[in-house]
$ cat structure.txt   # compact mmCIF, C-alpha atoms
# COMPACT_ATOMS: atom_id res chain seq x y z
CA MET A 1 -61.86 19.19 139.39
CA ALA A 2 -64.99 19.77 141.47
CA ARG A 3 -65.83 23.42 141.86
CA GLU A 4 -66.40 24.96 145.27
CA VAL A 5 -70.02 26.07 145.58
CA LYS A 6 -71.19 28.19 148.51
CA VAL A 7 -74.83 29.20 148.96
CA TYR A 8 -75.74 32.02 151.33
CA THR A 9 -79.37 31.80 152.43
CA THR A 10 -82.04 32.90 154.90
CA PRO A 11 -84.67 30.45 156.15
CA THR A 12 -87.58 32.57 154.91
CA CYS A 13 -86.32 33.07 151.34
CA PRO A 14 -88.28 31.07 148.72
CA TYR A 15 -85.65 31.61 146.00
CA CYS A 16 -82.99 30.12 148.31
CA LYS A 17 -85.05 26.95 148.60
CA MET A 18 -85.47 26.82 144.84
CA ALA A 19 -81.73 27.26 144.31
CA LYS A 20 -80.90 24.48 146.78
CA LYS A 21 -83.46 22.16 145.21
CA PHE A 22 -81.95 22.84 141.79
CA LEU A 23 -78.43 22.05 143.07
CA ASP A 24 -79.67 18.91 144.88
CA ASP A 25 -81.58 17.70 141.80
CA ASN A 26 -78.45 18.12 139.69
CA GLY A 27 -76.18 16.39 142.20
CA ILE A 28 -74.09 19.51 142.88
CA LYS A 29 -72.41 19.51 146.29
CA TYR A 30 -72.44 22.83 148.11
CA GLN A 31 -71.91 24.44 151.48
CA GLU A 32 -74.86 26.39 152.86
CA PHE A 33 -74.55 29.38 155.17
CA ASN A 34 -77.61 30.72 156.97
CA VAL A 35 -76.77 34.40 157.02
CA ALA A 36 -79.77 35.24 159.19
CA GLU A 37 -77.93 33.51 162.06
CA ASP A 38 -74.27 33.30 161.03
CA LYS A 39 -72.78 36.78 161.39
CA ALA A 40 -69.33 35.78 160.11
CA ALA A 41 -70.88 34.34 156.93
CA ARG A 42 -72.98 37.48 156.51
CA GLU A 43 -69.81 39.60 156.67
CA GLU A 44 -68.08 37.27 154.20
CA MET A 45 -71.01 37.57 151.80
CA LYS A 46 -70.96 41.34 152.14
CA ASN A 47 -67.21 41.88 151.90
CA LYS A 48 -66.06 39.12 149.55
CA CYS A 49 -69.12 38.80 147.33
CA HIS A 50 -70.23 42.46 147.63
CA SER A 51 -73.78 41.23 148.08
CA LEU A 52 -76.49 42.01 150.58
CA ALA A 53 -79.20 39.80 149.14
CA VAL A 54 -80.04 36.10 149.14
CA PRO A 55 -79.52 33.68 147.65
CA THR A 56 -75.94 34.60 146.89
CA ILE A 57 -74.25 31.70 145.13
CA CYS A 58 -70.45 31.63 144.85
CA ILE A 59 -68.97 29.18 142.36
CA ASP A 60 -65.21 29.34 142.96
CA ASN A 61 -64.69 33.10 142.52
CA GLU A 62 -67.84 33.82 140.51
CA VAL A 63 -70.78 35.39 142.30
CA LEU A 64 -74.43 35.01 141.33
CA VAL A 65 -77.05 37.01 143.23
CA GLY A 66 -80.57 35.61 143.06
CA PHE A 67 -81.75 32.35 141.52
CA GLU A 68 -81.76 32.36 137.73
CA GLU A 69 -81.92 28.76 136.57
CA ALA A 70 -80.53 29.38 133.09
CA GLN A 71 -77.60 31.43 134.39
CA LEU A 72 -76.76 28.88 137.08
CA LYS A 73 -76.89 26.05 134.54
CA GLN A 74 -74.46 27.92 132.32
CA LYS A 75 -72.01 28.70 135.14
CA LEU A 76 -72.07 25.07 136.30
CA GLY A 77 -71.73 23.73 132.77
CA LEU A 78 -74.96 21.69 133.04
CA MET B 1 -96.88 27.10 114.91
CA TYR B 2 -98.22 26.03 118.30
CA GLU B 3 -101.95 25.99 118.93
CA LEU B 4 -101.53 27.94 122.17
CA ILE B 5 -98.87 30.05 123.87
CA ILE B 6 -99.25 30.76 127.57
CA ILE B 7 -97.01 33.55 128.83
CA GLY B 8 -96.21 33.31 132.54
CA ALA B 9 -96.16 30.39 134.98
CA GLY B 10 -97.69 31.71 138.17
CA PRO B 11 -101.01 30.35 139.50
CA ALA B 12 -102.97 31.57 136.43
CA GLY B 13 -100.51 30.37 133.78
CA MET B 14 -99.92 26.97 135.34
CA THR B 15 -103.62 26.31 135.83
CA ALA B 16 -104.22 27.27 132.19
CA ALA B 17 -101.44 24.82 131.23
CA VAL B 18 -103.12 21.95 133.11
CA TYR B 19 -106.46 22.64 131.44
CA ALA B 20 -104.76 22.96 128.03
CA ALA B 21 -102.93 19.66 128.55
CA ARG B 22 -106.16 17.88 129.48
CA LYS B 23 -107.73 19.21 126.28
CA LYS B 24 -104.65 17.96 124.40
CA ILE B 25 -103.89 21.41 123.03
CA ASN B 26 -100.39 21.68 121.58
CA THR B 27 -99.09 24.33 123.99
CA LEU B 28 -95.95 26.32 124.72
CA LEU B 29 -95.60 27.74 128.23
CA ILE B 30 -93.01 30.50 128.21
CA THR B 31 -91.86 32.07 131.45
CA GLY B 32 -89.07 33.74 133.38
CA ASN B 33 -89.60 31.46 136.35
CA ILE B 34 -91.99 28.86 137.67
CA GLY B 35 -94.24 30.13 140.42
CA GLY B 36 -94.37 33.87 139.76
CA GLN B 37 -95.82 35.91 142.59
CA GLY B 38 -96.88 32.69 144.32
CA LEU B 39 -93.23 32.29 145.33
CA THR B 40 -93.07 35.41 147.43
CA THR B 41 -96.20 34.61 149.42
CA TRP B 42 -94.83 33.31 152.67
CA LEU B 43 -97.78 31.39 154.05
CA VAL B 44 -101.00 30.67 152.17
CA GLU B 45 -103.99 29.91 154.38
CA ASN B 46 -106.81 30.42 151.89
CA TYR B 47 -106.11 28.05 149.01
CA LYS B 48 -108.61 25.22 149.06
CA GLY B 49 -107.33 21.82 150.09
CA TYR B 50 -104.63 23.19 152.39
CA GLN B 51 -105.14 24.63 155.85
CA PHE B 52 -101.80 26.35 155.36
CA ILE B 53 -98.96 25.90 152.92
CA GLU B 54 -95.89 27.90 151.94
CA GLY B 55 -96.38 29.75 148.63
CA ARG B 56 -93.20 28.17 147.27
CA GLU B 57 -94.41 24.67 148.11
CA LEU B 58 -97.84 25.31 146.58
CA MET B 59 -96.17 26.51 143.37
CA GLN B 60 -94.02 23.37 143.35
CA LYS B 61 -97.21 21.29 143.51
CA PHE B 62 -98.70 23.34 140.64
CA GLU B 63 -95.54 22.64 138.61
CA GLU B 64 -95.68 18.90 139.32
CA GLN B 65 -99.30 18.90 138.19
CA VAL B 66 -98.38 20.62 134.90
CA LYS B 67 -95.53 18.18 134.30
CA GLN B 68 -97.66 15.07 134.87
CA PHE B 69 -98.98 15.63 131.32
CA PRO B 70 -95.79 14.90 129.39
CA THR B 71 -96.90 15.26 125.80
CA ASP B 72 -98.78 18.42 125.02
CA VAL B 73 -97.17 21.22 127.04
CA GLU B 74 -93.64 22.36 126.25
CA ILE B 75 -92.09 24.59 128.89
CA GLU B 76 -89.44 27.24 128.23
CA VAL B 77 -88.13 28.62 131.53
CA GLY B 78 -85.74 31.56 131.90
CA LYS B 79 -87.13 33.43 128.91
CA ARG B 80 -88.91 36.73 129.29
CA ALA B 81 -91.51 37.56 126.67
CA GLU B 82 -90.85 41.12 125.50
CA ARG B 83 -93.55 41.60 122.91
CA LEU B 84 -96.73 39.88 121.84
CA SER B 85 -98.04 40.88 118.44
CA ARG B 86 -100.58 39.73 115.88
CA ILE B 87 -99.41 37.88 112.80
CA ALA B 88 -101.34 36.16 110.03
CA GLY B 89 -103.24 33.26 111.58
CA GLY B 90 -102.33 34.04 115.17
CA PHE B 91 -99.78 35.66 117.44
CA GLU B 92 -96.02 35.94 117.81
CA VAL B 93 -94.00 36.22 121.01
CA LYS B 94 -90.55 37.76 120.94
CA THR B 95 -88.30 36.96 123.90
CA ASP B 96 -85.43 38.81 125.57
CA LYS B 97 -83.14 36.23 123.98
CA GLY B 98 -84.26 37.38 120.51
CA GLU B 99 -86.20 34.19 119.76
CA THR B 100 -89.71 34.19 118.32
CA PHE B 101 -92.53 31.70 118.87
CA GLN B 102 -95.85 31.58 117.05
CA ALA B 103 -99.26 30.26 118.07
CA LYS B 104 -102.87 30.46 116.95
CA VAL B 105 -104.05 31.58 120.39
CA ALA B 106 -102.32 33.41 123.26
CA ILE B 107 -102.99 33.62 126.99
CA LEU B 108 -101.26 36.37 128.95
CA ALA B 109 -100.66 35.44 132.60
CA THR B 110 -97.63 37.51 133.48
CA GLY B 111 -98.80 38.82 136.86
CA LYS B 112 -97.34 41.83 138.57
CA ARG B 113 -93.95 42.87 139.90
CA PRO B 114 -92.88 45.16 142.72
CA ARG B 115 -93.29 48.82 141.86
CA GLN B 116 -90.06 50.81 141.78
CA LEU B 117 -89.37 54.22 143.27
CA ASN B 118 -87.44 55.31 140.15
CA VAL B 119 -84.87 57.31 142.08
CA HIS B 120 -81.11 57.56 141.70
CA GLY B 121 -79.29 54.73 143.46
CA GLU B 122 -82.21 52.29 143.39
CA LYS B 123 -81.00 50.20 140.44
CA GLU B 124 -77.33 50.70 141.22
CA LEU B 125 -77.62 49.40 144.80
CA LEU B 126 -80.16 46.61 144.19
CA GLY B 127 -78.89 43.54 146.04
CA ARG B 128 -76.52 45.73 147.99
CA GLY B 129 -78.97 47.08 150.50
CA VAL B 130 -81.93 47.84 148.24
CA THR B 131 -84.50 45.04 148.22
CA TYR B 132 -88.05 44.34 147.09
CA CYS B 133 -88.11 40.96 148.88
CA ALA B 134 -88.36 41.68 152.58
CA ILE B 135 -89.02 38.04 153.49
CA CYS B 136 -85.77 37.10 151.69
CA ASP B 137 -83.40 39.83 152.76
CA GLY B 138 -84.92 41.27 155.95
CA PRO B 139 -82.78 39.13 158.29
CA LEU B 140 -79.58 40.48 156.67
CA PHE B 141 -80.20 43.87 158.22
CA ALA B 142 -79.94 42.65 161.81
CA ASP B 143 -78.72 45.42 164.14
CA MET B 144 -78.60 47.95 161.29
CA LYS B 145 -80.65 51.06 160.66
CA VAL B 146 -83.09 50.53 157.78
CA ALA B 147 -85.75 52.45 155.86
CA VAL B 148 -89.03 50.81 154.89
CA ILE B 149 -90.69 52.70 152.04
CA GLY B 150 -94.48 52.65 151.72
CA GLY B 151 -97.61 53.13 153.77
CA GLY B 152 -99.84 50.18 152.87
CA ASN B 153 -100.20 46.71 154.38
CA SER B 154 -97.00 45.27 152.90
CA ALA B 155 -94.91 48.18 154.16
CA LEU B 156 -96.50 48.01 157.60
CA GLU B 157 -95.98 44.25 157.84
CA THR B 158 -92.36 44.71 156.79
CA ALA B 159 -91.85 47.52 159.30
CA ASN B 160 -93.40 45.37 162.00
CA ASP B 161 -91.03 42.49 161.17
CA MET B 162 -88.01 44.77 160.94
CA VAL B 163 -88.44 46.45 164.36
CA LYS B 164 -87.71 43.03 165.87
CA ILE B 165 -84.52 42.59 163.83
CA ALA B 166 -83.05 46.02 163.04
CA ASP B 167 -81.51 48.60 165.35
CA HIS B 168 -83.88 51.31 164.08
CA VAL B 169 -86.58 51.50 161.39
CA TYR B 170 -87.58 54.62 159.48
CA LEU B 171 -90.97 54.28 157.81
CA VAL B 172 -91.17 56.67 154.87
CA SER B 173 -94.48 57.10 153.06
CA LEU B 174 -95.67 59.45 150.37
CA THR B 175 -99.11 59.48 151.97
CA THR B 176 -100.56 58.97 155.41
CA LEU B 177 -100.71 55.29 156.40
CA THR B 178 -103.27 53.43 154.30
CA GLY B 179 -102.92 49.91 155.71
CA GLU B 180 -105.17 48.08 158.15
CA GLN B 181 -105.60 49.68 161.58
CA ILE B 182 -104.36 46.58 163.41
CA LEU B 183 -101.01 46.89 161.59
CA ILE B 184 -100.83 50.66 162.09
CA ASP B 185 -101.32 50.18 165.85
CA LYS B 186 -98.54 47.59 166.00
CA VAL B 187 -96.09 49.82 164.18
CA LYS B 188 -96.99 52.93 166.20
CA GLY B 189 -96.21 51.07 169.40
CA ALA B 190 -92.63 50.23 168.40
CA SER B 191 -89.99 52.19 170.33
CA ASN B 192 -87.32 51.87 167.62
CA LEU B 193 -89.42 53.20 164.73
CA THR B 194 -89.67 56.74 163.38
CA MET B 195 -92.26 57.72 160.80
CA PHE B 196 -91.80 60.20 157.99
CA LEU B 197 -95.27 60.46 156.49
CA GLN B 198 -96.04 62.59 153.44
CA HIS B 199 -92.35 62.45 152.58
CA GLU B 200 -90.87 61.46 149.24
CA VAL B 201 -87.62 59.60 148.66
CA LEU B 202 -85.31 61.63 146.42
CA GLU B 203 -82.22 59.45 146.33
CA ILE B 204 -80.60 56.31 147.71
CA LYS B 205 -76.98 57.01 148.52
CA GLY B 206 -73.95 54.73 148.76
CA GLN B 207 -70.82 53.59 146.97
CA ASN B 208 -70.53 49.80 147.33
CA SER B 209 -73.64 49.39 149.45
CA VAL B 210 -76.50 51.53 150.76
CA GLU B 211 -75.31 54.25 153.13
CA GLY B 212 -78.39 56.44 153.38
CA ILE B 213 -81.42 58.04 151.77
CA ARG B 214 -82.40 61.63 151.05
CA ILE B 215 -86.07 62.46 151.67
CA ARG B 216 -88.24 65.58 151.33
CA ASP B 217 -91.26 66.72 153.31
CA LEU B 218 -94.05 67.25 150.77
CA LYS B 219 -95.52 70.18 152.75
CA SER B 220 -92.50 72.14 153.97
CA LYS B 221 -90.23 71.01 151.08
CA LYS B 222 -87.52 70.55 153.69
CA GLU B 223 -84.96 67.84 152.84
CA LYS B 224 -83.39 65.42 155.28
CA GLU B 225 -80.80 62.66 155.10
CA LEU B 226 -81.19 59.39 156.99
CA GLU B 227 -78.23 57.10 157.57
CA VAL B 228 -79.38 53.54 156.76
CA GLY B 229 -77.79 50.31 155.56
CA GLY B 230 -80.94 48.87 154.03
CA VAL B 231 -83.88 50.15 152.00
CA LEU B 232 -86.89 47.83 151.84
CA ILE B 233 -89.26 49.04 149.12
CA GLU B 234 -92.93 48.09 149.56
CA ILE B 235 -94.92 50.52 147.44
CA GLY B 236 -97.23 48.10 145.71
CA LEU B 237 -97.19 46.22 142.46
CA THR B 238 -97.25 47.08 138.80
CA PRO B 239 -98.65 44.79 136.04
CA ASN B 240 -96.28 43.07 133.64
CA SER B 241 -98.30 44.27 130.68
CA GLU B 242 -95.75 46.26 128.64
CA LEU B 243 -95.45 43.44 126.11
CA VAL B 244 -99.08 43.88 124.98
CA LYS B 245 -99.43 47.67 125.14
CA GLU B 246 -99.60 47.88 121.34
CA LEU B 247 -102.07 45.01 121.13
CA VAL B 248 -104.72 46.16 123.63
CA THR B 249 -105.65 49.28 125.56
CA LEU B 250 -104.53 49.08 129.18
CA ASN B 251 -106.57 50.58 132.02
CA ARG B 252 -105.24 53.43 134.21
CA LEU B 253 -103.45 50.91 136.43
CA GLY B 254 -101.73 49.37 133.41
CA GLU B 255 -103.83 46.20 133.61
CA VAL B 256 -105.32 44.34 130.64
CA GLU B 257 -109.09 44.84 130.60
CA VAL B 258 -110.94 41.52 130.41
CA ASN B 259 -114.58 40.51 130.58
CA CYS B 260 -115.86 37.68 132.79
CA GLY B 261 -114.74 35.21 130.13
CA THR B 262 -111.07 36.39 130.15
CA GLU B 263 -111.59 37.91 126.69
CA THR B 264 -109.51 41.00 125.89
CA GLY B 265 -111.39 42.26 122.86
CA VAL B 266 -108.74 40.87 120.50
CA PRO B 267 -110.06 37.56 119.09
CA GLY B 268 -107.85 34.68 120.21
CA PHE B 269 -106.07 36.69 122.89
CA PHE B 270 -107.07 35.94 126.47
CA ALA B 271 -105.62 37.17 129.77
CA ALA B 272 -105.80 35.80 133.31
CA GLY B 273 -104.62 36.53 136.83
CA ASP B 274 -103.07 39.62 138.39
CA VAL B 275 -102.08 41.24 135.08
CA THR B 276 -105.78 41.75 134.34
CA SER B 277 -108.47 44.12 135.55
CA VAL B 278 -110.12 41.37 137.65
CA PRO B 279 -110.30 43.15 141.01
CA ASP B 280 -109.30 40.45 143.49
CA LYS B 281 -105.63 39.51 143.37
CA GLN B 282 -105.69 36.10 145.02
CA ILE B 283 -104.04 32.79 144.15
CA VAL B 284 -107.39 31.01 144.04
CA VAL B 285 -108.89 33.71 141.80
CA ALA B 286 -105.89 33.69 139.45
CA ALA B 287 -106.06 29.89 139.21
CA GLY B 288 -109.77 30.07 138.38
CA GLU B 289 -109.19 32.73 135.73
CA GLY B 290 -106.39 30.60 134.24
CA ALA B 291 -108.78 27.67 133.93
CA LYS B 292 -111.38 29.88 132.24
CA ALA B 293 -108.81 31.26 129.79
CA ALA B 294 -107.66 27.77 128.74
CA LEU B 295 -111.25 26.60 128.22
CA GLN B 296 -111.98 29.73 126.18
CA ALA B 297 -108.83 29.09 124.15
CA HIS B 298 -110.04 25.54 123.50
CA ARG B 299 -113.43 26.76 122.27
CA TYR B 300 -111.76 29.37 120.07
CA LEU B 301 -109.46 26.72 118.52
CA GLN B 302 -112.48 24.48 117.89
CA ARG B 303 -114.23 27.33 116.06
CA LEU B 304 -111.11 27.93 113.96
CA SER B 305 -111.04 24.31 112.83
CA GLU B 306 -114.74 24.15 111.97
$ encode --input "structure.txt" --output "structure tokens"
Amino acid sequence: MAREVKVYTTPTCPYCKMAKKFLDDNGIKYQEFNVAEDKAAREEMKNKCHSLAVPTICIDNEVLVGFEEAQLKQKLGL
Amino acid sequence: MYELIIIGAGPAGMTAAVYAARKKINTLLITGNIGGQGLTTWLVENYKGYQFIEGRELMQKFEEQVKQFPTDVEIEVGKRAERLSRIAGGFEVKTDKGETFQAKVAILATGKRPRQLNVHGEKELLGRGVTYCAICDGPLFADMKVAVIGGGNSALETANDMVKIADHVYLVSLTTLTGEQILIDKVKGASNLTMFLQHEVLEIKGQNSVEGIRIRDLKSKKEKELEVGGVLIEIGLTPNSELVKELVTLNRLGEVEVNCGTETGVPGFFAAGDVTSVPDKQIVVAAGEGAKAALQAHRYLQRLSE
């Protein structure tokens, strides 16, 4: 079953762009939320993921803060 | 055993890798990430060939250039080198994953990282209100009260960005402001900014996220608590040189001393970029130093084989 991947980003964050490129390159579908603009998503990131930093990547119920390629690969089983 | 190990893949390390590949040196490039400090430079307007380019995009182009030479450079990403030591016939790198790699020659190009305050709450609340990447996380603090720590250009630029986003900005600096006057004037004119100069941060407080900071006036010794939801730390950079502290003597800033040929004084060990004592920390300078280090490594390897 495909896993639900959510990526919380800001437009100025270089690591967010790297994370999205990595997901795109590996054919992983994800939903992106621009938390600089989207207040509801920002609250969700804060309250559900307990994070106040981007990128925050939620894979089902697992939360990764920051872009660590090796860690992301492992969590996605790549 | 590799001929060459390059540690770090910022502008210096990646340029060294390109030069090593063109010399057909059997090379291992070992790095935590690709791009290093180049990634956190928002807009680059002084790298030749581009009128302006995002740091991230420039680093992507550097990476593509390294990878166009498929045979001679192996790249290990996501591994942090913890120690570089001398062994018979060369050098050995030990990583945070417990692996070891050996090479005849080593180039250190590990750059710098944001300096930490080293106060209670800083590590615990990192990513939960404490940040060293203002361009990443600044927008998250919209309509909140925040503290910007530092008094140099980076802190002033961050404070100037944050007054447009945050409800209120406290600028806390250990010294008087040391940044450029144009930035100081901008910050002084902001109606929603309060300065606490010659104040030290004693603690960052909060349970699940940042709730405030405790500061102390250096002169009166009077303490004060500020209620903030974000702490943006901009107190300069520190060299990633711990891994070679037993191999070479570091200068008072913790940098590896090099001569104009990137030599460290240890035969076969070269260093390039912001981790070194070269005074100008610029992408173009780091790239140039990386090229020099790889060419030096090539000459050294030639001498070894003679």
$ closest_atom_pairs --input "structure.txt" --of "range 133-168 of chain B" --to "range 37-54 of chain A" --cutoff "12 Å" --atoms "all atoms listed in the file" --output "JSON lines"
{"residue": "B:Cys133", "atom": "CA", "partner": "A:Ala53", "partner_atom": "CA", "distance": 9.0}
{"residue": "B:Ala134", "atom": "CA", "partner": "A:Ala53", "partner_atom": "CA", "distance": 10.0}
{"residue": "B:Ile135", "atom": "CA", "partner": "A:Val54", "partner_atom": "CA", "distance": 10.2}
{"residue": "B:Cys136", "atom": "CA", "partner": "A:Val54", "partner_atom": "CA", "distance": 6.4}
{"residue": "B:Asp137", "atom": "CA", "partner": "A:Ala53", "partner_atom": "CA", "distance": 5.5}
{"residue": "B:Gly138", "atom": "CA", "partner": "A:Ala53", "partner_atom": "CA", "distance": 9.0}
{"residue": "B:Pro139", "atom": "CA", "partner": "A:Glu37", "partner_atom": "CA", "distance": 8.3}
{"residue": "B:Leu140", "atom": "CA", "partner": "A:Leu52", "partner_atom": "CA", "distance": 7.0}
{"residue": "B:Phe141", "atom": "CA", "partner": "A:Leu52", "partner_atom": "CA", "distance": 8.7}
{"residue": "B:Ala142", "atom": "CA", "partner": "A:Lys39", "partner_atom": "CA", "distance": 9.3}
{"residue": "B:Asp143", "atom": "CA", "partner": "A:Lys39", "partner_atom": "CA", "distance": 10.8}
{"residue": "B:Ile165", "atom": "CA", "partner": "A:Glu37", "partner_atom": "CA", "distance": 11.4}
$ write_last_selection --input "structure.txt" --atoms "C-alpha atoms" --output "PDB file, keeping the file's coordinate frame"
ATOM      1  CA  CYS B 133     -88.110  40.960 148.880  1.00  0.00           C
ATOM      2  CA  ALA B 134     -88.360  41.680 152.580  1.00  0.00           C
ATOM      3  CA  ILE B 135     -89.020  38.040 153.490  1.00  0.00           C
ATOM      4  CA  CYS B 136     -85.770  37.100 151.690  1.00  0.00           C
ATOM      5  CA  ASP B 137     -83.400  39.830 152.760  1.00  0.00           C
ATOM      6  CA  GLY B 138     -84.920  41.270 155.950  1.00  0.00           C
ATOM      7  CA  PRO B 139     -82.780  39.130 158.290  1.00  0.00           C
ATOM      8  CA  LEU B 140     -79.580  40.480 156.670  1.00  0.00           C
ATOM      9  CA  PHE B 141     -80.200  43.870 158.220  1.00  0.00           C
ATOM     10  CA  ALA B 142     -79.940  42.650 161.810  1.00  0.00           C
ATOM     11  CA  ASP B 143     -78.720  45.420 164.140  1.00  0.00           C
ATOM     12  CA  ILE B 165     -84.520  42.590 163.830  1.00  0.00           C
TER      13      ILE B 165
END
$ closest_atom_pairs --input "structure.txt" --of "chain A" --to "chain B" --cutoff "9 Å" --atoms "all atoms listed in the file" --output "tab-separated table"
residue	atom	partner	partner_atom	distance
A:Thr9	CA	B:Cys136	CA	8.3
A:Thr10	CA	B:Cys136	CA	6.5
A:Pro11	CA	B:Cys136	CA	8.1
A:Thr12	CA	B:Ile135	CA	5.8
A:Cys13	CA	B:Cys136	CA	4.1
A:Pro14	CA	B:Arg56	CA	5.9
A:Tyr15	CA	B:Leu39	CA	7.6
A:Cys16	CA	B:Cys136	CA	8.2
A:Lys17	CA	B:Arg56	CA	8.3
A:Met18	CA	B:Arg56	CA	8.2
A:Val35	CA	B:Leu140	CA	6.7
A:Ala36	CA	B:Pro139	CA	5.0
A:Glu37	CA	B:Pro139	CA	8.3
A:Arg42	CA	B:Leu140	CA	7.3
A:Lys46	CA	B:Arg128	CA	8.2
A:His50	CA	B:Arg128	CA	7.1
A:Ser51	CA	B:Arg128	CA	5.3
A:Leu52	CA	B:Arg128	CA	4.5
A:Ala53	CA	B:Gly127	CA	4.9
A:Val54	CA	B:Asp137	CA	6.2
A:Pro55	CA	B:Cys136	CA	8.2
A:Val65	CA	B:Gly127	CA	7.3
A:Gly66	CA	B:Gly127	CA	8.6
A:Glu68	CA	B:Gly78	CA	7.1
A:Glu69	CA	B:Gly78	CA	6.7
A:Ala70	CA	B:Gly78	CA	5.8
A:Gln71	CA	B:Gly78	CA	8.5
$ write_last_selection --input "structure.txt" --atoms "C-alpha atoms" --output "tab-separated table (two decimals), keeping the file's coordinate frame"
chain	number	residue	atom	x	y	z
A	9	THR	CA	-79.37	31.80	152.43
A	10	THR	CA	-82.04	32.90	154.90
A	11	PRO	CA	-84.67	30.45	156.15
A	12	THR	CA	-87.58	32.57	154.91
A	13	CYS	CA	-86.32	33.07	151.34
A	14	PRO	CA	-88.28	31.07	148.72
A	15	TYR	CA	-85.65	31.61	146.00
A	16	CYS	CA	-82.99	30.12	148.31
A	17	LYS	CA	-85.05	26.95	148.60
A	18	MET	CA	-85.47	26.82	144.84
A	35	VAL	CA	-76.77	34.40	157.02
A	36	ALA	CA	-79.77	35.24	159.19
A	37	GLU	CA	-77.93	33.51	162.06
A	42	ARG	CA	-72.98	37.48	156.51
A	46	LYS	CA	-70.96	41.34	152.14
A	50	HIS	CA	-70.23	42.46	147.63
A	51	SER	CA	-73.78	41.23	148.08
A	52	LEU	CA	-76.49	42.01	150.58
A	53	ALA	CA	-79.20	39.80	149.14
A	54	VAL	CA	-80.04	36.10	149.14
A	55	PRO	CA	-79.52	33.68	147.65
A	65	VAL	CA	-77.05	37.01	143.23
A	66	GLY	CA	-80.57	35.61	143.06
A	68	GLU	CA	-81.76	32.36	137.73
A	69	GLU	CA	-81.92	28.76	136.57
A	70	ALA	CA	-80.53	29.38	133.09
A	71	GLN	CA	-77.60	31.43	134.39
$ residues_near_point --input "structure.txt" --point "(-98.6, 47.1, 138.8)" --cutoff "12 Å" --atoms "all atoms listed in the file" --output "PDB file with C-alpha atoms, in the coordinates of the input"
ATOM      1  CA  THR B 110     -97.630  37.510 133.480  1.00  0.00           C
ATOM      2  CA  GLY B 111     -98.800  38.820 136.860  1.00  0.00           C
ATOM      3  CA  LYS B 112     -97.340  41.830 138.570  1.00  0.00           C
ATOM      4  CA  ARG B 113     -93.950  42.870 139.900  1.00  0.00           C
ATOM      5  CA  PRO B 114     -92.880  45.160 142.720  1.00  0.00           C
ATOM      6  CA  ARG B 115     -93.290  48.820 141.860  1.00  0.00           C
ATOM      7  CA  GLN B 116     -90.060  50.810 141.780  1.00  0.00           C
ATOM      8  CA  ILE B 235     -94.920  50.520 147.440  1.00  0.00           C
ATOM      9  CA  GLY B 236     -97.230  48.100 145.710  1.00  0.00           C
ATOM     10  CA  LEU B 237     -97.190  46.220 142.460  1.00  0.00           C
ATOM     11  CA  THR B 238     -97.250  47.080 138.800  1.00  0.00           C
ATOM     12  CA  PRO B 239     -98.650  44.790 136.040  1.00  0.00           C
ATOM     13  CA  ASN B 240     -96.280  43.070 133.640  1.00  0.00           C
ATOM     14  CA  SER B 241     -98.300  44.270 130.680  1.00  0.00           C
ATOM     15  CA  GLU B 242     -95.750  46.260 128.640  1.00  0.00           C
ATOM     16  CA  LEU B 250    -104.530  49.080 129.180  1.00  0.00           C
ATOM     17  CA  ASN B 251    -106.570  50.580 132.020  1.00  0.00           C
ATOM     18  CA  ARG B 252    -105.240  53.430 134.210  1.00  0.00           C
ATOM     19  CA  LEU B 253    -103.450  50.910 136.430  1.00  0.00           C
ATOM     20  CA  GLY B 254    -101.730  49.370 133.410  1.00  0.00           C
ATOM     21  CA  GLU B 255    -103.830  46.200 133.610  1.00  0.00           C
ATOM     22  CA  VAL B 256    -105.320  44.340 130.640  1.00  0.00           C
ATOM     23  CA  ASP B 274    -103.070  39.620 138.390  1.00  0.00           C
ATOM     24  CA  VAL B 275    -102.080  41.240 135.080  1.00  0.00           C
ATOM     25  CA  THR B 276    -105.780  41.750 134.340  1.00  0.00           C
ATOM     26  CA  SER B 277    -108.470  44.120 135.550  1.00  0.00           C
ATOM     27  CA  LYS B 281    -105.630  39.510 143.370  1.00  0.00           C
TER      28      LYS B 281
END
$ closest_residue --input "structure.txt" --among "B:Ala20, B:Ile87, B:Leu43, B:Leu156" --to "Arg299 in chain B" --atoms "only C-alpha atoms"
B:Ala20
$ atom_distance --input "structure.txt" --atom1 "CA of Ile149 in chain B" --atom2 "CA of Phe67 in chain A"
24.6 Å
$ atom_distance --input "structure.txt" --atom1 "CA of Phe22 in chain A" --atom2 "CA of Glu63 in chain B"
14.0 Å
$ axis_aligned_box --input "structure.txt" --around "range 15-18 of chain A" --padding-each-side "3 Å" --output "AutoDock Vina command-line options"
--center_x -84.3 --center_y 29.2 --center_z 146.7 --size_x 8.7 --size_y 10.8 --size_z 9.8
$ residues_around --input "structure.txt" --residues "range 260-269 of chain B" --least-positions-apart "2" --cutoff "10 Å" --atoms "all atoms listed in the file" --output "PyMOL selection string"
chain B and resi 4-5+84+86+89-91+103-108+247-249+256-258+271-273+276-278+289-301+304
$ residues_around --input "structure.txt" --residues "Gln102 in chain B" --least-positions-apart "3" --cutoff "7 Å" --atoms "all atoms listed in the file" --output "number ranges by chain"
B: 1-2, 91-93
$ residues_around --input "structure.txt" --residues "Lys219 in chain B" --least-positions-apart "6" --cutoff "12 Å" --atoms "only C-alpha atoms" --output "list in words"
Leu174, Thr175, Phe196, Leu197, Gln198, His199 and Glu200 of chain B
$ residues_around --input "structure.txt" --residues "Tyr8 in chain A" --least-positions-apart "2" --cutoff "6 Å" --atoms "only C-alpha atoms" --output "mmCIF file with C-alpha atoms, in the frame of the given file"
data_model
loop_
_atom_site.group_PDB
_atom_site.id
_atom_site.type_symbol
_atom_site.label_atom_id
_atom_site.label_comp_id
_atom_site.auth_asym_id
_atom_site.auth_seq_id
_atom_site.Cartn_x
_atom_site.Cartn_y
_atom_site.Cartn_z
ATOM 1 C CA GLU A 32 -74.860 26.390 152.860
ATOM 2 C CA PHE A 33 -74.550 29.380 155.170
ATOM 3 C CA PRO A 55 -79.520 33.680 147.650
ATOM 4 C CA THR A 56 -75.940 34.600 146.890
#
